[in-house]
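See below for coords_16.tsv, which holds TSV, C-alpha atoms.
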```tsv
chain	number	residue	atom	x	y	z
A	1	MET	CA	-42.10	-55.80	-25.72
A	2	ILE	CA	-43.34	-56.54	-29.21
A	3	GLU	CA	-40.43	-57.05	-31.56
A	4	ARG	CA	-40.26	-54.52	-34.35
A	5	THR	CA	-40.22	-56.09	-37.81
A	6	LEU	CA	-39.98	-52.96	-39.94
A	7	PHE	CA	-36.25	-52.80	-40.32
A	8	SER	CA	-33.85	-55.07	-42.20
A	9	ALA	CA	-30.24	-55.80	-41.29
A	10	ASP	CA	-29.20	-53.06	-43.73
A	11	HIS	CA	-31.47	-50.60	-41.94
A	12	GLU	CA	-29.95	-51.49	-38.57
A	13	ALA	CA	-26.42	-51.16	-39.93
A	14	PHE	CA	-27.39	-47.71	-41.14
A	15	ARG	CA	-28.76	-46.92	-37.67
A	16	ASP	CA	-25.42	-47.87	-36.11
A	17	SER	CA	-23.60	-45.67	-38.59
A	18	PHE	CA	-25.81	-42.69	-37.88
A	19	ARG	CA	-25.45	-43.16	-34.14
A	20	ARG	CA	-21.69	-42.89	-34.55
A	21	PHE	CA	-22.19	-39.71	-36.57
A	22	ILE	CA	-24.37	-38.30	-33.79
A	23	ASP	CA	-21.83	-39.20	-31.12
A	24	LYS	CA	-19.04	-37.44	-33.03
A	25	GLU	CA	-20.67	-34.52	-34.83
A	26	ILE	CA	-23.83	-33.61	-32.89
A	27	ALA	CA	-23.87	-34.70	-29.24
A	28	PRO	CA	-20.74	-32.78	-28.14
A	29	PHE	CA	-22.05	-29.51	-29.59
A	30	HIS	CA	-25.82	-29.51	-29.22
A	31	GLU	CA	-25.85	-27.70	-25.87
A	32	GLU	CA	-23.71	-24.94	-27.35
A	33	TRP	CA	-26.05	-24.75	-30.35
A	34	GLU	CA	-29.00	-24.34	-27.99
A	35	GLU	CA	-27.25	-21.34	-26.47
A	36	GLN	CA	-26.57	-19.69	-29.84
A	37	GLY	CA	-30.01	-20.53	-31.27
A	38	TYR	CA	-28.94	-22.52	-34.33
A	39	VAL	CA	-26.71	-25.43	-35.28
A	40	ASP	CA	-23.40	-24.83	-37.01
A	41	ARG	CA	-23.75	-24.79	-40.79
A	42	ALA	CA	-20.86	-27.27	-41.07
A	43	VAL	CA	-22.97	-30.13	-39.67
A	44	TRP	CA	-25.08	-30.00	-42.83
A	45	ASN	CA	-22.02	-30.42	-45.04
A	46	LYS	CA	-20.73	-33.28	-42.88
A	47	ALA	CA	-24.11	-35.02	-43.05
A	48	GLY	CA	-24.08	-34.69	-46.83
A	49	VAL	CA	-20.59	-36.10	-47.15
A	50	ASN	CA	-21.59	-39.09	-45.03
A	51	GLY	CA	-24.76	-39.79	-47.01
A	52	PHE	CA	-27.25	-38.79	-44.31
A	53	LEU	CA	-29.23	-36.30	-46.42
A	54	CYS	CA	-31.91	-37.15	-48.99
A	55	MET	CA	-31.30	-40.90	-48.71
A	56	THR	CA	-34.62	-41.66	-50.40
A	57	MET	CA	-33.79	-39.61	-53.50
A	58	PRO	CA	-32.77	-41.56	-56.65
A	59	ASP	CA	-29.03	-41.99	-57.01
A	60	GLU	CA	-29.07	-39.89	-60.19
A	61	TYR	CA	-29.82	-36.91	-57.93
A	62	GLY	CA	-27.24	-37.76	-55.28
A	63	GLY	CA	-29.47	-39.84	-53.02
A	64	ALA	CA	-29.15	-43.49	-52.04
A	65	ASP	CA	-32.45	-44.59	-53.61
A	66	GLY	CA	-33.44	-46.01	-50.22
A	67	ASP	CA	-36.91	-46.48	-48.80
A	68	LYS	CA	-38.39	-44.04	-46.30
A	69	LEU	CA	-37.37	-46.24	-43.38
A	70	TYR	CA	-33.83	-44.91	-43.66
A	71	SER	CA	-35.16	-41.43	-42.98
A	72	VAL	CA	-37.33	-42.82	-40.17
A	73	ILE	CA	-34.16	-44.13	-38.53
A	74	LEU	CA	-32.61	-40.65	-38.64
A	75	MET	CA	-35.72	-39.15	-37.09
A	76	GLU	CA	-35.82	-41.76	-34.34
A	77	GLU	CA	-32.15	-41.45	-33.45
A	78	LEU	CA	-32.22	-37.66	-33.27
A	79	ALA	CA	-35.38	-37.78	-31.14
A	80	ARG	CA	-33.88	-40.48	-28.92
A	81	GLY	CA	-30.99	-38.19	-28.08
A	82	GLY	CA	-33.09	-35.04	-27.78
A	83	PHE	CA	-31.18	-33.40	-30.64
A	84	THR	CA	-34.10	-31.29	-31.81
A	85	GLY	CA	-31.97	-28.60	-33.42
A	86	ILE	CA	-31.15	-30.77	-36.41
A	87	GLY	CA	-33.50	-30.04	-39.30
A	88	PHE	CA	-32.48	-32.93	-41.55
A	89	GLY	CA	-35.96	-34.44	-41.64
A	90	LEU	CA	-37.70	-31.41	-43.09
A	91	HIS	CA	-34.86	-30.90	-45.57
A	92	SER	CA	-34.73	-34.51	-46.78
A	93	GLU	CA	-38.32	-35.66	-46.43
A	94	ILE	CA	-40.39	-32.56	-47.08
A	95	VAL	CA	-38.44	-30.08	-49.22
A	96	ALA	CA	-36.62	-32.57	-51.46
A	97	PRO	CA	-39.73	-34.73	-52.12
A	98	TYR	CA	-41.69	-31.68	-53.26
A	99	ILE	CA	-39.04	-31.06	-55.90
A	100	LEU	CA	-38.75	-34.75	-56.80
A	101	ASN	CA	-42.51	-35.29	-57.06
A	102	TYR	CA	-43.55	-32.03	-58.69
A	103	GLY	CA	-40.45	-30.31	-60.09
A	104	THR	CA	-39.51	-30.03	-63.71
A	105	ALA	CA	-36.56	-32.05	-65.01
A	106	GLU	CA	-34.39	-28.93	-64.88
A	107	GLN	CA	-35.45	-28.12	-61.29
A	108	LYS	CA	-34.61	-31.65	-60.15
A	109	GLN	CA	-31.18	-31.54	-61.74
A	110	ARG	CA	-30.50	-28.07	-60.41
A	111	TYR	CA	-31.49	-28.56	-56.77
A	112	LEU	CA	-31.68	-32.19	-55.65
A	113	PRO	CA	-27.96	-33.06	-55.88
A	114	ARG	CA	-27.08	-29.90	-53.96
A	115	LEU	CA	-29.64	-30.71	-51.27
A	116	ALA	CA	-28.25	-34.25	-50.99
A	117	SER	CA	-24.68	-32.98	-50.61
A	118	GLY	CA	-25.54	-30.37	-48.01
A	119	GLU	CA	-24.45	-27.54	-50.30
A	120	LEU	CA	-28.01	-26.20	-49.98
A	121	VAL	CA	-30.22	-26.18	-46.88
A	122	GLY	CA	-33.90	-26.41	-47.73
A	123	ALA	CA	-36.99	-24.94	-46.07
A	124	ILE	CA	-40.66	-24.63	-46.89
A	125	ALA	CA	-42.56	-21.43	-46.12
A	126	MET	CA	-46.23	-22.09	-45.44
A	127	SER	CA	-47.23	-20.42	-42.15
A	128	GLU	CA	-47.92	-16.70	-41.98
A	129	PRO	CA	-48.68	-14.36	-39.09
A	130	ALA	CA	-52.40	-14.79	-39.81
A	131	ALA	CA	-52.42	-18.29	-41.33
A	132	GLY	CA	-51.02	-21.40	-39.66
A	133	SER	CA	-53.02	-24.61	-39.87
A	134	ASP	CA	-55.45	-22.90	-42.27
A	135	LEU	CA	-53.33	-22.89	-45.41
A	136	GLN	CA	-56.24	-21.60	-47.45
A	137	GLY	CA	-55.90	-18.33	-45.56
A	138	ILE	CA	-52.42	-17.39	-46.75
A	139	ARG	CA	-52.03	-13.83	-48.03
A	140	SER	CA	-48.65	-13.90	-49.77
A	141	THR	CA	-49.08	-13.22	-53.47
A	142	ALA	CA	-47.02	-13.97	-56.56
A	143	ILE	CA	-48.53	-12.01	-59.44
A	144	ARG	CA	-47.52	-12.79	-63.01
A	145	GLN	CA	-45.73	-9.90	-64.75
A	146	SER	CA	-45.60	-8.95	-68.41
A	147	ASP	CA	-42.15	-10.54	-68.76
A	148	GLY	CA	-43.50	-13.84	-67.45
A	149	SER	CA	-41.89	-13.63	-64.01
A	150	TYR	CA	-43.77	-13.50	-60.71
A	151	LEU	CA	-43.71	-10.58	-58.30
A	152	LEU	CA	-43.69	-12.15	-54.83
A	153	ASN	CA	-44.84	-10.21	-51.78
A	154	GLY	CA	-45.65	-11.36	-48.27
A	155	SER	CA	-44.20	-12.63	-45.03
A	156	LYS	CA	-43.82	-16.04	-43.42
A	157	THR	CA	-43.19	-17.06	-39.84
A	158	PHE	CA	-42.23	-20.13	-37.78
A	159	ILE	CA	-40.04	-21.36	-40.67
A	160	THR	CA	-37.88	-24.34	-39.69
A	161	ASN	CA	-34.35	-24.12	-41.15
A	162	GLY	CA	-35.24	-20.54	-42.06
A	163	TRP	CA	-32.02	-18.97	-40.81
A	164	HIS	CA	-29.74	-21.33	-42.74
A	165	ALA	CA	-32.05	-21.79	-45.73
A	166	ASP	CA	-30.46	-21.47	-49.17
A	167	LEU	CA	-33.60	-22.66	-50.98
A	168	VAL	CA	-37.17	-22.02	-49.86
A	169	ILE	CA	-40.37	-23.42	-51.30
A	170	VAL	CA	-42.80	-20.53	-50.86
A	171	VAL	CA	-46.56	-21.01	-50.80
A	172	ALA	CA	-48.25	-18.01	-52.41
A	173	LYS	CA	-51.41	-17.01	-54.24
A	174	THR	CA	-50.82	-16.64	-57.97
A	175	GLN	CA	-54.54	-16.08	-58.51
A	176	PRO	CA	-55.74	-14.53	-55.25
A	177	GLU	CA	-59.38	-14.27	-56.26
A	178	ALA	CA	-59.55	-18.07	-56.69
A	179	GLY	CA	-58.72	-18.82	-53.05
A	180	ALA	CA	-57.10	-22.22	-52.49
A	181	LYS	CA	-57.46	-22.99	-56.19
A	182	GLY	CA	-55.16	-20.06	-56.97
A	183	THR	CA	-52.22	-21.29	-54.87
A	184	SER	CA	-48.78	-22.07	-56.31
A	185	LEU	CA	-45.37	-23.11	-55.01
A	186	LEU	CA	-42.33	-21.03	-55.93
A	187	LEU	CA	-38.63	-21.72	-55.50
A	188	VAL	CA	-36.77	-18.81	-53.92
A	189	GLU	CA	-33.01	-18.78	-53.42
A	190	ARG	CA	-30.88	-17.00	-50.88
A	191	GLY	CA	-29.62	-13.71	-52.30
A	192	MET	CA	-32.60	-12.92	-54.51
A	193	LYS	CA	-33.32	-9.20	-54.28
A	194	GLY	CA	-36.15	-8.45	-51.88
A	195	PHE	CA	-35.85	-11.75	-50.01
A	196	GLU	CA	-34.87	-11.05	-46.41
A	197	LYS	CA	-34.62	-13.16	-43.29
A	198	GLY	CA	-35.98	-11.74	-40.09
A	199	LYS	CA	-34.83	-12.46	-36.56
A	200	ARG	CA	-34.38	-15.97	-35.26
A	201	LEU	CA	-37.43	-16.64	-33.13
A	202	LYS	CA	-36.96	-17.33	-29.42
A	203	LYS	CA	-39.09	-20.35	-28.57
A	204	LEU	CA	-40.24	-22.31	-25.55
A	205	GLY	CA	-38.29	-25.33	-26.81
A	206	LEU	CA	-36.33	-26.48	-29.86
A	207	LYS	CA	-33.69	-23.99	-28.78
A	208	ALA	CA	-31.11	-25.05	-31.36
A	209	GLN	CA	-33.59	-25.12	-34.25
A	210	ASP	CA	-33.08	-22.06	-36.45
A	211	THR	CA	-36.71	-21.00	-36.75
A	212	SER	CA	-37.08	-17.65	-38.49
A	213	GLU	CA	-39.31	-15.09	-40.09
A	214	LEU	CA	-38.97	-14.61	-43.85
A	215	PHE	CA	-39.93	-11.51	-45.81
A	216	PHE	CA	-40.57	-11.11	-49.54
A	217	ASP	CA	-40.69	-7.55	-50.82
A	218	ASN	CA	-41.22	-7.34	-54.59
A	219	VAL	CA	-39.10	-10.42	-55.23
A	220	HIS	CA	-38.93	-11.14	-58.96
A	221	VAL	CA	-39.17	-14.92	-59.30
A	222	PRO	CA	-38.34	-16.18	-62.81
A	223	VAL	CA	-41.03	-18.27	-64.45
A	224	ASP	CA	-38.75	-21.31	-64.46
A	225	MET	CA	-38.75	-21.23	-60.63
A	226	LEU	CA	-42.45	-21.99	-60.41
A	227	LEU	CA	-42.36	-25.51	-58.96
A	228	GLY	CA	-43.51	-27.89	-61.66
A	229	GLY	CA	-43.69	-25.21	-64.33
A	230	ALA	CA	-46.85	-23.95	-65.99
A	231	ALA	CA	-48.66	-27.26	-65.50
A	232	LEU	CA	-48.76	-26.70	-61.74
A	233	GLU	CA	-49.61	-23.01	-61.69
A	234	ASN	CA	-52.56	-22.56	-59.29
A	235	ARG	CA	-52.34	-26.24	-58.28
A	236	GLY	CA	-50.08	-25.82	-55.26
A	237	PHE	CA	-52.79	-26.51	-52.71
A	238	ILE	CA	-53.31	-29.98	-54.18
A	239	CYS	CA	-49.58	-30.66	-53.84
A	240	LEU	CA	-49.66	-29.55	-50.20
A	241	MET	CA	-52.58	-31.84	-49.39
A	242	GLU	CA	-50.85	-34.79	-51.03
A	243	GLN	CA	-47.69	-34.35	-48.97
A	244	LEU	CA	-49.17	-33.50	-45.57
A	245	PRO	CA	-49.90	-37.12	-44.49
A	246	TRP	CA	-46.19	-38.02	-44.70
A	247	GLU	CA	-45.24	-34.82	-42.88
A	248	ARG	CA	-47.64	-35.71	-40.08
A	249	MET	CA	-46.27	-39.23	-39.87
A	250	GLN	CA	-42.79	-37.81	-39.37
A	251	ILE	CA	-44.10	-35.91	-36.36
A	252	ALA	CA	-45.64	-39.12	-35.01
A	253	VAL	CA	-42.36	-41.00	-35.46
A	254	THR	CA	-40.44	-38.44	-33.43
A	255	ALA	CA	-43.18	-38.32	-30.78
A	256	VAL	CA	-42.91	-42.04	-30.09
A	257	ALA	CA	-39.10	-42.08	-30.13
A	258	ALA	CA	-38.88	-39.09	-27.79
A	259	SER	CA	-41.45	-40.64	-25.44
A	260	GLN	CA	-39.49	-43.88	-25.21
A	261	ALA	CA	-36.30	-41.95	-24.54
A	262	ALA	CA	-38.00	-40.08	-21.70
A	263	ILE	CA	-39.14	-43.34	-20.13
A	264	ASP	CA	-35.64	-44.78	-20.42
A	265	TRP	CA	-34.03	-41.71	-18.83
A	266	THR	CA	-36.59	-41.70	-16.03
A	267	THR	CA	-36.29	-45.42	-15.34
A	268	GLN	CA	-32.56	-45.00	-14.83
A	269	TYR	CA	-33.04	-41.88	-12.71
A	270	VAL	CA	-35.55	-43.42	-10.29
A	271	LYS	CA	-33.27	-46.39	-9.71
A	272	GLU	CA	-30.46	-44.09	-8.61
A	273	ARG	CA	-32.31	-41.29	-6.82
A	274	LYS	CA	-33.18	-41.97	-3.18
A	275	VAL	CA	-36.01	-40.49	-1.11
A	276	PHE	CA	-36.42	-41.30	2.58
A	277	GLY	CA	-33.58	-43.77	2.33
A	278	GLN	CA	-34.79	-45.84	-0.60
A	279	PRO	CA	-34.77	-45.50	-4.39
A	280	VAL	CA	-37.67	-43.61	-5.94
A	281	ALA	CA	-38.25	-46.78	-7.98
A	282	ALA	CA	-39.16	-48.64	-4.78
A	283	TYR	CA	-42.42	-46.72	-4.48
A	284	GLN	CA	-45.47	-48.29	-6.06
A	285	ASN	CA	-46.63	-44.98	-7.54
A	286	THR	CA	-43.36	-44.67	-9.47
A	287	ARG	CA	-43.47	-48.20	-10.83
A	288	TYR	CA	-47.13	-48.07	-11.79
A	289	THR	CA	-46.75	-44.69	-13.49
A	290	LEU	CA	-43.88	-45.96	-15.60
A	291	ALA	CA	-45.74	-49.20	-16.36
A	292	GLU	CA	-48.74	-47.21	-17.64
A	293	LEU	CA	-46.57	-44.92	-19.75
A	294	GLN	CA	-44.59	-47.81	-21.22
A	295	THR	CA	-47.81	-49.59	-22.15
A	296	GLU	CA	-49.19	-46.55	-23.95
A	297	VAL	CA	-45.91	-45.89	-25.77
A	298	GLN	CA	-45.79	-49.54	-26.87
A	299	ILE	CA	-49.32	-49.21	-28.25
A	300	ALA	CA	-48.31	-46.02	-30.06
A	301	ARG	CA	-45.20	-47.64	-31.54
A	302	VAL	CA	-47.15	-50.61	-32.93
A	303	PHE	CA	-49.68	-48.26	-34.54
A	304	VAL	CA	-47.02	-45.98	-35.98
A	305	ASP	CA	-45.04	-48.93	-37.33
A	306	LYS	CA	-48.17	-50.16	-39.07
A	307	CYS	CA	-48.67	-46.71	-40.55
A	308	LEU	CA	-45.08	-46.75	-41.77
A	309	GLU	CA	-45.73	-50.05	-43.52
A	310	LEU	CA	-48.61	-48.33	-45.30
A	311	VAL	CA	-46.32	-45.39	-46.19
A	312	CYS	CA	-43.88	-47.79	-47.85
A	313	MET	CA	-46.79	-49.28	-49.84
A	314	HIS	CA	-48.14	-45.81	-50.70
A	315	LYS	CA	-51.40	-46.70	-48.95
A	316	LEU	CA	-51.45	-44.33	-45.96
A	317	ASP	CA	-54.56	-42.15	-46.03
A	318	THR	CA	-54.93	-38.64	-44.64
A	319	ALA	CA	-57.28	-39.55	-41.80
A	320	THR	CA	-55.01	-42.31	-40.46
A	321	ALA	CA	-51.97	-40.03	-40.59
A	322	SER	CA	-53.98	-37.43	-38.70
A	323	MET	CA	-54.87	-40.01	-36.05
A	324	ALA	CA	-51.23	-40.91	-35.62
A	325	LYS	CA	-50.11	-37.30	-35.40
A	326	TYR	CA	-52.67	-36.17	-32.85
A	327	TRP	CA	-52.63	-39.23	-30.60
A	328	THR	CA	-48.87	-39.70	-30.38
A	329	THR	CA	-48.16	-36.03	-29.72
A	330	ASP	CA	-50.82	-35.85	-27.02
A	331	LEU	CA	-49.18	-38.92	-25.51
A	332	GLN	CA	-45.72	-37.38	-25.84
A	333	CYS	CA	-46.76	-34.38	-23.78
A	334	LYS	CA	-48.32	-36.67	-21.17
A	335	VAL	CA	-45.17	-38.80	-20.95
A	336	MET	CA	-42.91	-35.77	-20.60
A	337	ASP	CA	-45.07	-34.31	-17.84
A	338	GLU	CA	-45.22	-37.55	-15.85
A	339	CYS	CA	-41.52	-38.27	-16.29
A	340	LEU	CA	-40.56	-34.75	-15.29
A	341	GLN	CA	-42.67	-35.16	-12.13
A	342	LEU	CA	-40.76	-38.32	-11.22
A	343	HIS	CA	-37.53	-36.33	-11.45
A	344	GLY	CA	-38.78	-33.97	-8.75
A	345	GLY	CA	-37.00	-30.63	-8.55
A	346	TYR	CA	-34.27	-31.80	-10.87
A	347	GLY	CA	-36.89	-32.21	-13.58
A	348	TYR	CA	-37.14	-28.43	-13.64
A	349	MET	CA	-33.41	-27.95	-14.25
A	350	TRP	CA	-32.35	-27.29	-17.85
A	351	GLU	CA	-29.25	-29.47	-17.50
A	352	TYR	CA	-31.44	-32.57	-17.37
A	353	PRO	CA	-32.60	-34.00	-20.71
A	354	ILE	CA	-36.15	-34.51	-19.45
A	355	THR	CA	-36.48	-30.76	-18.91
A	356	ARG	CA	-35.49	-29.95	-22.47
A	357	ALA	CA	-37.65	-32.77	-23.80
A	358	TYR	CA	-40.63	-31.37	-21.89
A	359	ALA	CA	-40.15	-27.97	-23.52
A	360	ASP	CA	-39.49	-29.46	-26.96
A	361	ALA	CA	-42.61	-31.63	-26.89
A	362	ARG	CA	-45.20	-28.90	-26.66
A	363	VAL	CA	-44.95	-27.71	-30.26
A	364	GLN	CA	-45.64	-31.21	-31.57
A	365	ARG	CA	-49.36	-30.69	-30.90
A	366	ILE	CA	-49.28	-27.47	-32.93
A	367	TYR	CA	-47.18	-27.73	-36.09
A	368	GLY	CA	-48.05	-29.90	-39.05
A	369	GLY	CA	-51.63	-28.85	-38.34
A	370	THR	CA	-52.89	-28.48	-34.77
A	371	ASN	CA	-54.35	-31.54	-33.08
A	372	GLU	CA	-57.75	-29.87	-33.19
A	373	ILE	CA	-57.43	-29.69	-36.98
A	374	MET	CA	-56.39	-33.37	-37.00
A	375	LYS	CA	-59.66	-34.25	-35.28
A	376	GLU	CA	-61.56	-32.22	-37.84
A	377	VAL	CA	-59.85	-34.17	-40.64
A	378	ILE	CA	-60.76	-37.44	-38.95
A	379	THR	CA	-64.41	-36.50	-38.45
A	380	ARG	CA	-64.74	-35.53	-42.10
A	381	SER	CA	-63.49	-38.98	-43.10
A	382	MET	CA	-66.32	-40.34	-40.94
A	383	GLY	CA	-68.88	-38.22	-42.74
A	384	LEU	CA	-69.34	-35.97	-39.72
A	385	GLY	CA	-67.55	-32.79	-40.82
A	386	ALA	CA	-69.11	-29.47	-41.68
A	387	LYS	CA	-70.09	-29.09	-45.31
```
As structure tokens, how would this structure be written, given the file I've shared?
Amino acid sequence: MIERTLFSADHEAFRDSFRRFIDKEIAPFHEEWEEQGYVDRAVWNKAGVNGFLCMTMPDEYGGADGDKLYSVILMEELARGGFTGIGFGLHSEIVAPYILNYGTAEQKQRYLPRLASGELVGAIAMSEPAAGSDLQGIRSTAIRQSDGSYLLNGSKTFITNGWHADLVIVVAKTQPEAGAKGTSLLLVERGMKGFEKGKRLKKLGLKAQDTSELFFDNVHVPVDMLLGGAALENRGFICLMEQLPWERMQIAVTAVAASQAAIDWTTQYVKERKVFGQPVAAYQNTRYTLAELQTEVQIARVFVDKCLELVCMHKLDTATASMAKYWTTDLQCKVMDECLQLHGGYGYMWEYPITRAYADARVQRIYGGTNEIMKEVITRSMGLGAK
């Protein structure tokens, strides 16, 4: 295998530390969390105390001022163990960066330290019942009132961390007639009048992930909770487009890590499981299938690692991130299917990690922009897209 050169000794020490945290605070409880449909709120506080939230934030806001590779390590380790209920990645590497990159000085001071400590759980509300990958089609509105506040109305769905969320970045139209150019991002806190959480959604996979509907019925949002203040009113769509490449890379990172984990589980299983008196691994079909999958996952890892180098240099472009997201998640679903097949009937039993990984993988081709949308983004970069 090609040696990975991304991570320093400090990174690997951090990986060891987080693995110990997983073994103590996550692994013993994740099955129970899958049954109840959400992780215990306490795991967020424990992660904050141990420095596993918002590591890339400046230390003045409670972070460790680390590079994004520290967050990559968290994503890889959670994916390696199949602990898909833990929403740390979205919290630390999507919600917090929006506030860091676009928030006012007061917004940064008010929210970032509390996100880093685990006092607040963050979510971002983009998708709506009639608008998923097409963010230009959102219908939620936030209309400016005479007192300067915004009156927010609308509904959101498929919101990761939605059930636990204490702070939500809401995408809404502040100038509906302007389409995408009239989009803004608003900060909405738990307890604001008119902000209600709907039922936790029952999903094919990600059973422990607290995915919810959110409803906004005449929520009065103070003007100082417009992300970025007046300078970013009606400029939210630009912010979304700037952040989406990193979001899509996070999906690619977890796709590769989960795929490698599936191969590792399956390799061990076929050595132990016997059919017609000999291990499943003794059959050429088994060995060749795993050889093909390992080759493709190795190719994916090298590509993703190169993309992560570009992320650290602030040079990753949208089309390349889209390539990584679509190709690795297609591969992830292929790996899970082939590995489940090699488990035979046991691959269909929920107690086996490959079964849960198979169910968890399917959404990867959908969220963060469907893989069909990724291909559209790529073709436009080639000068082939519709005008």
Contact residues around Val302 in chain A with all atoms listed in the file at 9 Å, ignoring same-chain residues under 4 positions, as a VMD selection string: chain A and resid 2 4 297 to 298 306 to 307
Atom-to-atom span, CA of Met126 in chain A and CA of Ile138 in chain A, Å: 7.9 Å
Counting all atoms listed in the file, the residue of A:Leu310, A:Leu293, A:Cys339, A:Ile22 that sits nearest Glu76 in chain A: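 That would be A:Ile22, the residue with the smallest distance to Glu76 in chain A.
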A:Ala319, A:Val275, A:Val256, A:Ile299 ranked by distance to Gly344 in chain A, top pick (using only C-alpha atoms):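 Of all the options, A:Val275 lies closest to Gly344 in chain A.
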Exercise: Cys333 in chain A partners within 12 Å, all atoms listed in the file, chain neighbours under 6 positions left out, as a PyMOL selection string: chain A and resi 255-256+258-259+262+293+297+326-327+339-340+354-355+357-366
Closest of A:Val270, A:Val253, A:Ala105, A:Met336 to Ala324 in chain A - atom-to-atom distances counting only C-alpha atoms: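 Ranking A:Val270, A:Val253, A:Ala105, A:Met336 by distance to Ala324 in chain A, first place goes to A:Val253.
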With the input short on atoms, add N, CA and C atoms back to range 51-66 of chain A and write it as a compact mmCIF listing (two decimals), keeping the file's coordinate frame.
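part-v5.txt, written as the output of this step:
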```txt
# COMPACT_ATOMS: atom_id res chain seq x y z
N GLY A 51 -23.59 -39.14 -46.42
CA GLY A 51 -24.76 -39.79 -47.01
C GLY A 51 -25.99 -39.78 -46.14
N PHE A 52 -26.11 -38.82 -45.21
CA PHE A 52 -27.25 -38.79 -44.31
C PHE A 52 -28.32 -37.76 -44.71
N LEU A 53 -28.21 -37.22 -45.90
CA LEU A 53 -29.23 -36.30 -46.42
C LEU A 53 -29.86 -36.89 -47.68
N CYS A 54 -31.17 -36.76 -47.78
CA CYS A 54 -31.91 -37.15 -48.99
C CYS A 54 -31.63 -38.59 -49.40
N MET A 55 -31.61 -39.49 -48.41
CA MET A 55 -31.30 -40.90 -48.71
C MET A 55 -32.33 -41.53 -49.63
N THR A 56 -33.56 -41.03 -49.60
CA THR A 56 -34.62 -41.66 -50.40
C THR A 56 -34.67 -41.11 -51.83
N MET A 57 -33.83 -40.13 -52.14
CA MET A 57 -33.79 -39.61 -53.50
C MET A 57 -33.09 -40.63 -54.42
N PRO A 58 -33.46 -40.68 -55.70
CA PRO A 58 -32.77 -41.56 -56.65
C PRO A 58 -31.28 -41.22 -56.71
N ASP A 59 -30.47 -42.23 -57.00
CA ASP A 59 -29.03 -41.99 -57.01
C ASP A 59 -28.60 -41.01 -58.09
N GLU A 60 -29.41 -40.85 -59.14
CA GLU A 60 -29.07 -39.89 -60.19
C GLU A 60 -29.09 -38.46 -59.68
N TYR A 61 -29.77 -38.25 -58.53
CA TYR A 61 -29.82 -36.91 -57.93
C TYR A 61 -28.99 -36.83 -56.65
N GLY A 62 -28.12 -37.82 -56.44
CA GLY A 62 -27.24 -37.76 -55.28
C GLY A 62 -27.74 -38.49 -54.06
N GLY A 63 -28.94 -39.08 -54.14
CA GLY A 63 -29.47 -39.84 -53.02
C GLY A 63 -29.00 -41.28 -53.04
N ALA A 64 -29.54 -42.08 -52.12
CA ALA A 64 -29.15 -43.49 -52.04
C ALA A 64 -30.24 -44.41 -52.58
N ASP A 65 -31.34 -43.81 -53.06
CA ASP A 65 -32.45 -44.59 -53.61
C ASP A 65 -33.00 -45.56 -52.57
N GLY A 66 -32.94 -45.16 -51.30
CA GLY A 66 -33.44 -46.01 -50.22
C GLY A 66 -34.92 -45.79 -49.97
```
